[in-house]
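Enquirer: Next comes start_33.pdb, PDB, C-alpha atoms, pLDDT in the B column:
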MODEL        1
ATOM      1  CA  MET A  39     -45.406 -37.392  26.831  1.00 58.00           C
ATOM      2  CA  PRO A  40     -43.609 -37.983  23.471  1.00 50.00           C
ATOM      3  CA  THR A  41     -45.566 -38.257  20.255  1.00 55.00           C
ATOM      4  CA  ALA A  42     -46.400 -41.748  19.089  1.00 57.00           C
ATOM      5  CA  VAL A  43     -45.386 -42.876  15.623  1.00 52.00           C
ATOM      6  CA  ASP A  44     -47.218 -45.735  13.954  1.00 53.00           C
ATOM      7  CA  THR A  45     -44.608 -48.433  13.377  1.00 51.00           C
ATOM      8  CA  HIS A  46     -46.890 -51.492  13.605  1.00 50.00           C
ATOM      9  CA  THR A  47     -47.338 -53.504  10.425  1.00 70.00           C
ATOM     10  CA  SER A  48     -50.521 -55.009  11.874  1.00 87.00           C
ATOM     11  CA  PRO A  49     -53.156 -53.461  14.155  1.00 95.00           C
ATOM     12  CA  ILE A  50     -52.331 -52.860  17.809  1.00 97.00           C
ATOM     13  CA  ARG A  51     -54.353 -55.392  19.784  1.00 97.00           C
ATOM     14  CA  VAL A  52     -56.025 -53.701  22.747  1.00 98.00           C
ATOM     15  CA  LEU A  53     -57.759 -55.069  25.829  1.00 98.00           C
ATOM     16  CA  VAL A  54     -60.018 -52.770  27.876  1.00 98.00           C
ATOM     17  CA  ALA A  55     -60.900 -53.360  31.539  1.00 98.00           C
ATOM     18  CA  ASP A  56     -63.169 -50.893  33.334  1.00 97.00           C
ATOM     19  CA  GLU A  57     -66.062 -51.441  35.705  1.00 95.00           C
ATOM     20  CA  TYR A  58     -68.163 -48.604  34.347  1.00 95.00           C
ATOM     21  CA  ALA A  59     -69.998 -49.188  31.086  1.00 95.00           C
ATOM     22  CA  ILE A  60     -70.031 -45.536  30.038  1.00 95.00           C
ATOM     23  CA  VAL A  61     -66.232 -45.293  30.334  1.00 96.00           C
ATOM     24  CA  ARG A  62     -65.675 -48.664  28.723  1.00 96.00           C
ATOM     25  CA  ARG A  63     -67.945 -47.943  25.781  1.00 96.00           C
ATOM     26  CA  GLY A  64     -66.336 -44.555  25.191  1.00 97.00           C
ATOM     27  CA  LEU A  65     -62.878 -46.108  25.064  1.00 97.00           C
ATOM     28  CA  ILE A  66     -64.014 -48.961  22.843  1.00 97.00           C
ATOM     29  CA  GLN A  67     -65.737 -46.646  20.375  1.00 97.00           C
ATOM     30  CA  GLU A  68     -62.575 -44.543  20.116  1.00 98.00           C
ATOM     31  CA  ILE A  69     -60.365 -47.606  19.653  1.00 98.00           C
ATOM     32  CA  GLU A  70     -62.643 -48.958  16.939  1.00 97.00           C
ATOM     33  CA  GLN A  71     -62.251 -45.683  15.021  1.00 97.00           C
ATOM     34  CA  GLN A  72     -58.460 -46.040  14.926  1.00 97.00           C
ATOM     35  CA  PRO A  73     -57.256 -47.732  11.713  1.00 97.00           C
ATOM     36  CA  ASP A  74     -54.126 -49.012  13.474  1.00 97.00           C
ATOM     37  CA  MET A  75     -55.927 -50.583  16.459  1.00 98.00           C
ATOM     38  CA  ARG A  76     -58.178 -53.568  17.090  1.00 97.00           C
ATOM     39  CA  LEU A  77     -60.186 -54.323  20.225  1.00 98.00           C
ATOM     40  CA  VAL A  78     -59.607 -57.940  21.246  1.00 97.00           C
ATOM     41  CA  GLY A  79     -61.382 -58.073  24.600  1.00 97.00           C
ATOM     42  CA  GLU A  80     -63.167 -56.204  27.384  1.00 97.00           C
ATOM     43  CA  ALA A  81     -63.682 -56.929  31.080  1.00 97.00           C
ATOM     44  CA  THR A  82     -65.678 -55.415  33.937  1.00 97.00           C
ATOM     45  CA  ASN A  83     -63.907 -56.971  36.943  1.00 97.00           C
ATOM     46  CA  GLY A  84     -60.407 -57.858  38.103  1.00 96.00           C
ATOM     47  CA  PRO A  85     -60.413 -61.662  37.727  1.00 97.00           C
ATOM     48  CA  ASP A  86     -61.816 -61.424  34.200  1.00 97.00           C
ATOM     49  CA  ALA A  87     -59.271 -58.732  33.288  1.00 97.00           C
ATOM     50  CA  LEU A  88     -56.397 -60.920  34.487  1.00 95.00           C
ATOM     51  CA  GLN A  89     -57.657 -64.034  32.726  1.00 94.00           C
ATOM     52  CA  MET A  90     -58.208 -62.052  29.542  1.00 94.00           C
ATOM     53  CA  ALA A  91     -54.681 -60.611  29.678  1.00 94.00           C
ATOM     54  CA  GLN A  92     -53.210 -64.073  30.278  1.00 92.00           C
ATOM     55  CA  THR A  93     -55.090 -65.862  27.506  1.00 92.00           C
ATOM     56  CA  ILE A  94     -55.863 -63.391  24.699  1.00 93.00           C
ATOM     57  CA  PRO A  95     -52.925 -62.331  22.486  1.00 92.00           C
ATOM     58  CA  ALA A  96     -52.725 -58.566  22.952  1.00 94.00           C
ATOM     59  CA  ASP A  97     -50.266 -55.679  22.870  1.00 95.00           C
ATOM     60  CA  VAL A  98     -51.793 -53.293  25.418  1.00 97.00           C
ATOM     61  CA  LEU A  99     -54.108 -53.716  28.400  1.00 97.00           C
ATOM     62  CA  LEU A 100     -55.931 -50.465  29.221  1.00 98.00           C
ATOM     63  CA  LEU A 101     -56.740 -51.008  32.880  1.00 97.00           C
ATOM     64  CA  ASP A 102     -58.829 -49.185  35.467  1.00 95.00           C
ATOM     65  CA  THR A 103     -57.204 -49.793  38.844  1.00 90.00           C
ATOM     66  CA  ARG A 104     -60.300 -50.172  41.040  1.00 89.00           C
ATOM     67  CA  LEU A 105     -61.971 -53.236  39.580  1.00 94.00           C
ATOM     68  CA  PRO A 106     -64.124 -55.609  41.655  1.00 95.00           C
ATOM     69  CA  GLY A 107     -62.297 -58.753  42.728  1.00 96.00           C
ATOM     70  CA  LEU A 108     -58.706 -57.680  42.038  1.00 94.00           C
ATOM     71  CA  ASN A 109     -57.192 -54.220  42.051  1.00 92.00           C
ATOM     72  CA  GLY A 110     -54.681 -52.857  39.555  1.00 91.00           C
ATOM     73  CA  VAL A 111     -51.590 -53.658  41.628  1.00 89.00           C
ATOM     74  CA  GLN A 112     -52.705 -57.273  42.120  1.00 92.00           C
ATOM     75  CA  ILE A 113     -53.453 -57.681  38.419  1.00 94.00           C
ATOM     76  CA  ALA A 114     -50.117 -56.148  37.408  1.00 90.00           C
ATOM     77  CA  ARG A 115     -48.131 -58.362  39.778  1.00 86.00           C
ATOM     78  CA  GLN A 116     -49.868 -61.552  38.706  1.00 90.00           C
ATOM     79  CA  LEU A 117     -49.538 -60.615  35.059  1.00 88.00           C
ATOM     80  CA  GLN A 118     -45.791 -60.114  35.461  1.00 81.00           C
ATOM     81  CA  ARG A 119     -45.514 -63.630  36.901  1.00 80.00           C
ATOM     82  CA  SER A 120     -47.427 -65.142  33.989  1.00 77.00           C
ATOM     83  CA  PRO A 121     -45.472 -67.099  31.351  1.00 70.00           C
ATOM     84  CA  LEU A 122     -44.321 -64.926  28.464  1.00 60.00           C
ATOM     85  CA  ARG A 123     -45.434 -66.564  25.250  1.00 59.00           C
ATOM     86  CA  VAL A 124     -44.977 -65.403  21.691  1.00 51.00           C
ATOM     87  CA  ASP A 125     -47.769 -65.055  19.153  1.00 57.00           C
ATOM     88  CA  LYS A 126     -46.802 -64.172  15.574  1.00 55.00           C
ATOM     89  CA  ASN A 127     -43.466 -62.793  16.776  1.00 53.00           C
ATOM     90  CA  ARG A 128     -45.187 -60.494  19.285  1.00 52.00           C
ATOM     91  CA  ASP A 129     -45.149 -60.908  23.057  1.00 51.00           C
ATOM     92  CA  GLN A 130     -48.441 -62.291  24.287  1.00 66.00           C
ATOM     93  CA  ARG A 131     -48.179 -60.555  27.677  1.00 81.00           C
ATOM     94  CA  PRO A 132     -49.667 -57.086  27.065  1.00 92.00           C
ATOM     95  CA  GLN A 133     -48.079 -53.833  28.150  1.00 92.00           C
ATOM     96  CA  LEU A 134     -50.047 -52.352  31.034  1.00 94.00           C
ATOM     97  CA  LEU A 135     -51.537 -48.874  30.605  1.00 96.00           C
ATOM     98  CA  VAL A 136     -53.207 -47.709  33.823  1.00 96.00           C
ATOM     99  CA  PHE A 137     -56.249 -45.461  33.316  1.00 96.00           C
ATOM    100  CA  THR A 138     -57.503 -44.123  36.636  1.00 95.00           C
ATOM    101  CA  VAL A 139     -58.689 -41.196  38.739  1.00 94.00           C
ATOM    102  CA  TYR A 140     -56.145 -41.972  41.467  1.00 91.00           C
ATOM    103  CA  ARG A 141     -53.029 -39.809  41.605  1.00 88.00           C
ATOM    104  CA  ASP A 142     -51.713 -40.696  45.061  1.00 84.00           C
ATOM    105  CA  ARG A 143     -47.919 -40.857  44.994  1.00 78.00           C
ATOM    106  CA  GLN A 144     -47.605 -44.227  46.719  1.00 77.00           C
ATOM    107  CA  TYR A 145     -50.263 -45.719  44.457  1.00 83.00           C
ATOM    108  CA  VAL A 146     -48.459 -44.507  41.338  1.00 85.00           C
ATOM    109  CA  TRP A 147     -45.192 -45.931  42.622  1.00 78.00           C
ATOM    110  CA  SER A 148     -46.856 -49.251  43.423  1.00 81.00           C
ATOM    111  CA  LEU A 149     -48.262 -49.598  39.899  1.00 87.00           C
ATOM    112  CA  LEU A 150     -44.929 -48.728  38.286  1.00 81.00           C
ATOM    113  CA  ALA A 151     -43.164 -51.177  40.592  1.00 76.00           C
ATOM    114  CA  ALA A 152     -45.683 -53.870  39.636  1.00 80.00           C
ATOM    115  CA  GLY A 153     -44.904 -53.502  35.949  1.00 81.00           C
ATOM    116  CA  ALA A 154     -47.140 -50.743  34.554  1.00 88.00           C
ATOM    117  CA  ARG A 155     -45.525 -48.954  31.601  1.00 86.00           C
ATOM    118  CA  GLY A 156     -48.123 -46.192  31.413  1.00 92.00           C
ATOM    119  CA  TYR A 157     -50.173 -44.180  33.911  1.00 94.00           C
ATOM    120  CA  LEU A 158     -52.919 -41.881  32.626  1.00 96.00           C
ATOM    121  CA  LEU A 159     -55.558 -39.968  34.556  1.00 96.00           C
ATOM    122  CA  LYS A 160     -59.153 -40.199  33.396  1.00 95.00           C
ATOM    123  CA  ASP A 161     -59.364 -36.490  32.611  1.00 95.00           C
ATOM    124  CA  GLU A 162     -57.057 -37.013  29.624  1.00 96.00           C
ATOM    125  CA  PRO A 163     -58.687 -36.478  26.202  1.00 96.00           C
ATOM    126  CA  LEU A 164     -59.308 -39.654  24.243  1.00 97.00           C
ATOM    127  CA  PRO A 165     -56.729 -38.761  21.539  1.00 97.00           C
ATOM    128  CA  VAL A 166     -54.085 -38.647  24.294  1.00 97.00           C
ATOM    129  CA  VAL A 167     -55.158 -42.099  25.465  1.00 97.00           C
ATOM    130  CA  MET A 168     -54.911 -43.435  21.914  1.00 98.00           C
ATOM    131  CA  ASP A 169     -51.396 -41.997  21.539  1.00 97.00           C
ATOM    132  CA  ALA A 170     -50.422 -43.589  24.852  1.00 96.00           C
ATOM    133  CA  ILE A 171     -51.594 -46.974  23.558  1.00 97.00           C
ATOM    134  CA  ARG A 172     -49.374 -46.500  20.513  1.00 97.00           C
ATOM    135  CA  LEU A 173     -46.392 -45.534  22.673  1.00 93.00           C
ATOM    136  CA  LEU A 174     -46.702 -48.637  24.838  1.00 93.00           C
ATOM    137  CA  ALA A 175     -47.119 -50.844  21.770  1.00 93.00           C
ATOM    138  CA  GLN A 176     -43.823 -49.407  20.514  1.00 90.00           C
ATOM    139  CA  GLY A 177     -42.108 -50.283  23.818  1.00 83.00           C
ATOM    140  CA  HIS A 178     -42.128 -46.784  25.310  1.00 84.00           C
ATOM    141  CA  THR A 179     -43.757 -45.359  28.437  1.00 83.00           C
ATOM    142  CA  ALA A 180     -46.609 -42.867  28.812  1.00 90.00           C
ATOM    143  CA  LEU A 181     -47.469 -40.729  31.834  1.00 90.00           C
ATOM    144  CA  SER A 182     -49.953 -37.922  32.314  1.00 93.00           C
ATOM    145  CA  GLN A 183     -48.110 -34.621  32.617  1.00 88.00           C
ATOM    146  CA  SER A 184     -49.309 -34.077  36.181  1.00 89.00           C
ATOM    147  CA  ILE A 185     -47.986 -37.526  37.160  1.00 86.00           C
ATOM    148  CA  GLN A 186     -44.624 -36.767  35.542  1.00 81.00           C
ATOM    149  CA  THR A 187     -44.443 -33.441  37.361  1.00 79.00           C
ATOM    150  CA  MET A 188     -45.371 -34.979  40.700  1.00 76.00           C
ATOM    151  CA  LEU A 189     -42.756 -37.707  40.432  1.00 69.00           C
ATOM    152  CA  VAL A 190     -40.009 -35.377  39.240  1.00 65.00           C
ATOM    153  CA  GLU A 191     -40.718 -32.952  42.085  1.00 62.00           C
ATOM    154  CA  LEU A 192     -40.741 -35.685  44.701  1.00 54.00           C
ATOM    155  CA  ILE A 193     -37.711 -37.591  43.435  1.00 54.00           C
ATOM    156  CA  PRO A 194     -34.725 -35.219  43.185  1.00 54.00           C
ATOM    157  CA  ALA A 195     -31.669 -35.687  41.034  1.00 55.00           C
ATOM    158  CA  LEU A 196     -28.772 -37.747  42.318  1.00 52.00           C
ATOM    159  CA  ASN A 197     -26.431 -36.087  44.775  1.00 50.00           C
ATOM    160  CA  GLN A 198     -23.812 -38.715  44.007  1.00 59.00           C
ATOM    161  CA  THR A 199     -23.017 -40.804  40.953  1.00 73.00           C
ATOM    162  CA  LEU A 200     -24.477 -44.281  40.796  1.00 80.00           C
ATOM    163  CA  SER A 201     -22.020 -47.012  39.945  1.00 86.00           C
ATOM    164  CA  GLN A 202     -22.468 -48.969  36.721  1.00 86.00           C
ATOM    165  CA  ARG A 203     -23.458 -52.031  38.733  1.00 91.00           C
ATOM    166  CA  GLU A 204     -26.073 -50.058  40.701  1.00 89.00           C
ATOM    167  CA  VAL A 205     -27.543 -48.725  37.440  1.00 84.00           C
ATOM    168  CA  ALA A 206     -27.598 -52.238  35.965  1.00 87.00           C
ATOM    169  CA  ILE A 207     -29.449 -53.603  39.000  1.00 90.00           C
ATOM    170  CA  LEU A 208     -31.963 -50.745  38.999  1.00 85.00           C
ATOM    171  CA  ARG A 209     -32.659 -51.334  35.307  1.00 81.00           C
ATOM    172  CA  LEU A 210     -33.320 -55.012  35.863  1.00 85.00           C
ATOM    173  CA  LEU A 211     -35.476 -54.246  38.893  1.00 81.00           C
ATOM    174  CA  ALA A 212     -37.542 -51.788  36.840  1.00 73.00           C
ATOM    175  CA  GLN A 213     -37.995 -54.467  34.179  1.00 71.00           C
ATOM    176  CA  GLY A 214     -39.744 -56.648  36.749  1.00 69.00           C
ATOM    177  CA  LYS A 215     -36.853 -58.952  37.665  1.00 79.00           C
ATOM    178  CA  SER A 216     -36.685 -60.474  41.151  1.00 83.00           C
ATOM    179  CA  HIS A 217     -33.558 -60.247  43.321  1.00 90.00           C
ATOM    180  CA  GLN A 218     -32.808 -63.885  42.451  1.00 91.00           C
ATOM    181  CA  GLU A 219     -33.187 -63.268  38.704  1.00 90.00           C
ATOM    182  CA  ILE A 220     -30.964 -60.182  38.925  1.00 92.00           C
ATOM    183  CA  ALA A 221     -28.317 -62.143  40.802  1.00 94.00           C
ATOM    184  CA  GLU A 222     -28.353 -64.921  38.199  1.00 93.00           C
ATOM    185  CA  SER A 223     -28.239 -62.428  35.323  1.00 92.00           C
ATOM    186  CA  LEU A 224     -25.226 -60.581  36.741  1.00 94.00           C
ATOM    187  CA  ALA A 225     -23.504 -63.672  38.216  1.00 94.00           C
ATOM    188  CA  ILE A 226     -23.567 -62.274  41.761  1.00 95.00           C
ATOM    189  CA  THR A 227     -25.304 -63.280  44.986  1.00 95.00           C
ATOM    190  CA  GLU A 228     -28.687 -62.034  46.153  1.00 94.00           C
ATOM    191  CA  LYS A 229     -26.943 -60.478  49.154  1.00 94.00           C
ATOM    192  CA  THR A 230     -24.746 -58.468  46.790  1.00 96.00           C
ATOM    193  CA  VAL A 231     -27.852 -57.327  44.910  1.00 94.00           C
ATOM    194  CA  ARG A 232     -29.406 -56.113  48.174  1.00 92.00           C
ATOM    195  CA  ASN A 233     -26.187 -54.351  49.159  1.00 94.00           C
ATOM    196  CA  HIS A 234     -26.027 -52.497  45.844  1.00 92.00           C
ATOM    197  CA  LEU A 235     -29.678 -51.472  46.179  1.00 89.00           C
ATOM    198  CA  HIS A 236     -29.052 -50.229  49.713  1.00 87.00           C
ATOM    199  CA  ASN A 237     -26.165 -48.107  48.426  1.00 88.00           C
ATOM    200  CA  ALA A 238     -28.303 -46.757  45.594  1.00 84.00           C
ATOM    201  CA  TYR A 239     -31.067 -45.814  48.026  1.00 80.00           C
ATOM    202  CA  ARG A 240     -28.559 -43.827  50.094  1.00 82.00           C
ATOM    203  CA  LYS A 241     -27.567 -41.829  47.012  1.00 80.00           C
ATOM    204  CA  VAL A 242     -31.178 -40.867  46.248  1.00 73.00           C
ATOM    205  CA  PRO A 243     -32.408 -39.435  49.571  1.00 65.00           C
ATOM    206  CA  THR A 244     -36.164 -39.752  49.002  1.00 63.00           C
ATOM    207  CA  VAL A 245     -36.001 -43.314  47.660  1.00 70.00           C
ATOM    208  CA  LYS A 246     -36.528 -45.711  50.534  1.00 68.00           C
ATOM    209  CA  SER A 247     -38.372 -48.636  48.987  1.00 70.00           C
ATOM    210  CA  GLN A 248     -38.282 -50.872  45.932  1.00 71.00           C
ATOM    211  CA  ALA A 249     -41.416 -49.247  44.489  1.00 70.00           C
ATOM    212  CA  GLU A 250     -39.893 -45.771  44.838  1.00 71.00           C
ATOM    213  CA  ALA A 251     -36.617 -46.964  43.293  1.00 74.00           C
ATOM    214  CA  ILE A 252     -38.415 -48.395  40.275  1.00 73.00           C
ATOM    215  CA  ALA A 253     -40.433 -45.207  39.800  1.00 70.00           C
ATOM    216  CA  TRP A 254     -37.259 -43.125  40.065  1.00 70.00           C
ATOM    217  CA  THR A 255     -35.547 -45.364  37.516  1.00 72.00           C
ATOM    218  CA  TRP A 256     -38.353 -44.914  34.980  1.00 67.00           C
ATOM    219  CA  ILE A 257     -38.657 -41.153  35.510  1.00 63.00           C
ATOM    220  CA  ASN A 258     -34.916 -40.618  35.120  1.00 64.00           C
ATOM    221  CA  ARG A 259     -34.927 -42.737  31.931  1.00 60.00           C
ATOM    222  CA  LEU A 260     -32.346 -45.214  33.203  1.00 60.00           C
ATOM    223  CA  VAL A 261     -34.357 -48.073  31.725  1.00 55.00           C
ATOM    224  CA  VAL A 262     -33.402 -48.820  28.142  1.00 48.00           C
ATOM    225  CA  GLU A 263     -36.641 -48.870  26.171  1.00 44.00           C
TER     226      GLU A 263
ENDMDL
END
Please express what this file holds, its structure, as structure tokens.

Expert:
Amino acid sequence: MPTAVDTHTSPIRVLVADEYAIVRRGLIQEIEQQPDMRLVGEATNGPDALQMAQTIPADVLLLDTRLPGLNGVQIARQLQRSPLRVDKNRDQRPQLLVFTVYRDRQYVWSLLAAGARGYLLKDEPLPVVMDAIRLLAQGHTALSQSIQTMLVELIPALNQTLSQREVAILRLLAQGKSHQEIAESLAITEKTVRNHLHNAYRKVPTVKSQAEAIAWTWINRLVVE
């Protein structure tokens, strides 16, 4: 994970959502000790976490994925569909930093496909979590090393060259765009979008789904950050 550099002129606004008080309080205490961060909300369940993320101006949502009421994938998907408003020239929709004990490959892919920009395991030291918050606030991604290694091992390099159009579609897909939005952006039909994705999947043998394609796109740094 690259080193974060403090480029914010005002504190990074952080939301914390975790069911367990001991975890939540530890994170909050660490955030409150950071001169470049400010806690703006905390939640203990999924519905509250989603409402908080939709209504409180924030830069990063630090999210446990197994919250009562709504899980991380559901929260991420609904958050991506929420209107993007601007507050003091900063996007009101927060970047999603997953903080979890779950390292299952399909689960990681699902969170990345749903819009998560960071995925940290709960055995990470708190300074690493703080640096990840800074990275997401700067528009970058952050993954635990074991998650990076797992994804790189499971998603091999291309055995053929992707076309420029295939790369463009994968980038838009990884940015959370629907097939319809991609088609409108590139002035093509949705059928053409699906055809290009099908061709891209054939060129990356282990990628067989949209979630896997998005994860592969992030890991191979095809998304312009």

Enquirer: Can you list, as a VMD selection string, every protein, DNA or RNA residue that comes within 12 Å of A:Leu77 when you count all atoms listed in the file, leaving out same-chain residues fewer than 6 positions away?

Expert: chain A and resid 49 to 55 62 to 63 65 to 71 94 to 100 171

Enquirer: Please enumerate the residues selected by the PyMOL selection byres ((chain A and resi 102) around 9) when evaluated against the supplied file, formatted as an mmCIF file with C-alpha atoms, keeping the file's coordinate frame.

Expert:
data_model
loop_
_atom_site.group_PDB
_atom_site.id
_atom_site.type_symbol
_atom_site.label_atom_id
_atom_site.label_comp_id
_atom_site.auth_asym_id
_atom_site.auth_seq_id
_atom_site.Cartn_x
_atom_site.Cartn_y
_atom_site.Cartn_z
ATOM 1 C CA VAL A 54 -60.018 -52.770 27.876
ATOM 2 C CA ALA A 55 -60.900 -53.360 31.539
ATOM 3 C CA ASP A 56 -63.169 -50.893 33.334
ATOM 4 C CA GLU A 57 -66.062 -51.441 35.705
ATOM 5 C CA LEU A 100 -55.931 -50.465 29.221
ATOM 6 C CA LEU A 101 -56.740 -51.008 32.880
ATOM 7 C CA THR A 103 -57.204 -49.793 38.844
ATOM 8 C CA ARG A 104 -60.300 -50.172 41.040
ATOM 9 C CA LEU A 105 -61.971 -53.236 39.580
ATOM 10 C CA ASN A 109 -57.192 -54.220 42.051
ATOM 11 C CA GLY A 110 -54.681 -52.857 39.555
ATOM 12 C CA LEU A 135 -51.537 -48.874 30.605
ATOM 13 C CA VAL A 136 -53.207 -47.709 33.823
ATOM 14 C CA PHE A 137 -56.249 -45.461 33.316
ATOM 15 C CA THR A 138 -57.503 -44.123 36.636
ATOM 16 C CA VAL A 139 -58.689 -41.196 38.739
#

Enquirer: Name the residues within 12 Å of (-46.6, -62.4, 37.7), counting all atoms listed in the file in the file's coordinates, and put them as a PyMOL selection string.

Expert: chain A and resi 88+91-92+111-122+131+152-153+214-216

Enquirer: Just the number, please: distance in Å from atom CA of A:Val167 to atom CA of A:Leu181, one decimal.

Expert: 10.1 Å

Enquirer: Kindly give the distance, in Å, that separates atom CA of A:Thr82 and atom CA of A:Leu134, rounded to a single decimal.

Expert: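 If I compute the distance from atom CA of A:Thr82 to atom CA of A:Leu134, I get 16.2 Å.
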
Enquirer: Find the spatial neighbours of A:Met168, counting only C-alpha atoms, within a cut-off of 10 Å - ignore same-chain residues fewer than 2 positions away - and output them as a list in words.

Expert: Ala42, Leu65, Glu68, Ile69, Gln72, Met75, Pro163, Leu164, Pro165, Val166, Ala170, Ile171, Arg172 and Leu173 of chain A

Enquirer: Residues near A:Ala225, anyone? I mean within 12 Å using only C-alpha atoms, not counting same-chain ones fewer than 6 positions away, as a short mmCIF file (atom, residue, chain, number, x, y, z; two decimals) with C-alpha atoms, in the frame of the given file.

Expert:
data_model
loop_
_atom_site.label_atom_id
_atom_site.label_comp_id
_atom_site.auth_asym_id
_atom_site.auth_seq_id
_atom_site.Cartn_x
_atom_site.Cartn_y
_atom_site.Cartn_z
CA ARG A 203 -23.46 -52.03 38.73
CA ILE A 207 -29.45 -53.60 39.00
CA HIS A 217 -33.56 -60.25 43.32
CA GLN A 218 -32.81 -63.88 42.45
CA GLU A 219 -33.19 -63.27 38.70
CA VAL A 231 -27.85 -57.33 44.91
#

Enquirer: Enter the distance from atom CA of A:Asn237 to atom CA of A:Gln202, in Å, rounded to one decimal.

Expert: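 Going from atom CA of A:Asn237 over to atom CA of A:Gln202 covers 12.3 Å.
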
Enquirer: Stretch 79-88 of chain A, all listed atoms, 5 Å padding on each side: what axis-aligned box centre and edge lengths in Å to one decimal come out, as lines of an AutoDock Vina configuration file?

Expert:
center_x = -61.0
center_y = -58.5
center_z = 31.4
size_x = 19.3
size_y = 16.2
size_z = 23.5

Enquirer: Which residues, written as an MDAnalysis selection string, have at least one atom at most 8 Å from A:Met90, with only C-alpha atoms counted and residues fewer than 5 positions away on the same chain left out?

Expert: chainID A and resid 53 79:81

Enquirer: Output C-alpha atoms for every residue in the selection just made, as a PDB file, keeping the file's coordinate frame.

Expert:
ATOM      1  CA  LEU A  53     -57.759 -55.069  25.829  1.00 98.00           C
ATOM      2  CA  GLY A  79     -61.382 -58.073  24.600  1.00 97.00           C
ATOM      3  CA  GLU A  80     -63.167 -56.204  27.384  1.00 97.00           C
ATOM      4  CA  ALA A  81     -63.682 -56.929  31.080  1.00 97.00           C
TER       5      ALA A  81
END

Enquirer: With 8 Å as the threshold, what does the neighbourhood of (-44.6, -53.4, 30.8) contain in terms of residues, counting all atoms listed in the file? Coordinates are those of the file; answer as a VMD selection string.

Expert: chain A and resid 132 to 134 153 to 155 174 213

Enquirer: What lies within 9 Å of A:Arg141 using only C-alpha atoms, ignoring chain neighbours under 2 positions off, as a PyMOL selection string?

Expert: chain A and resi 138-139+143-146+159+184-185
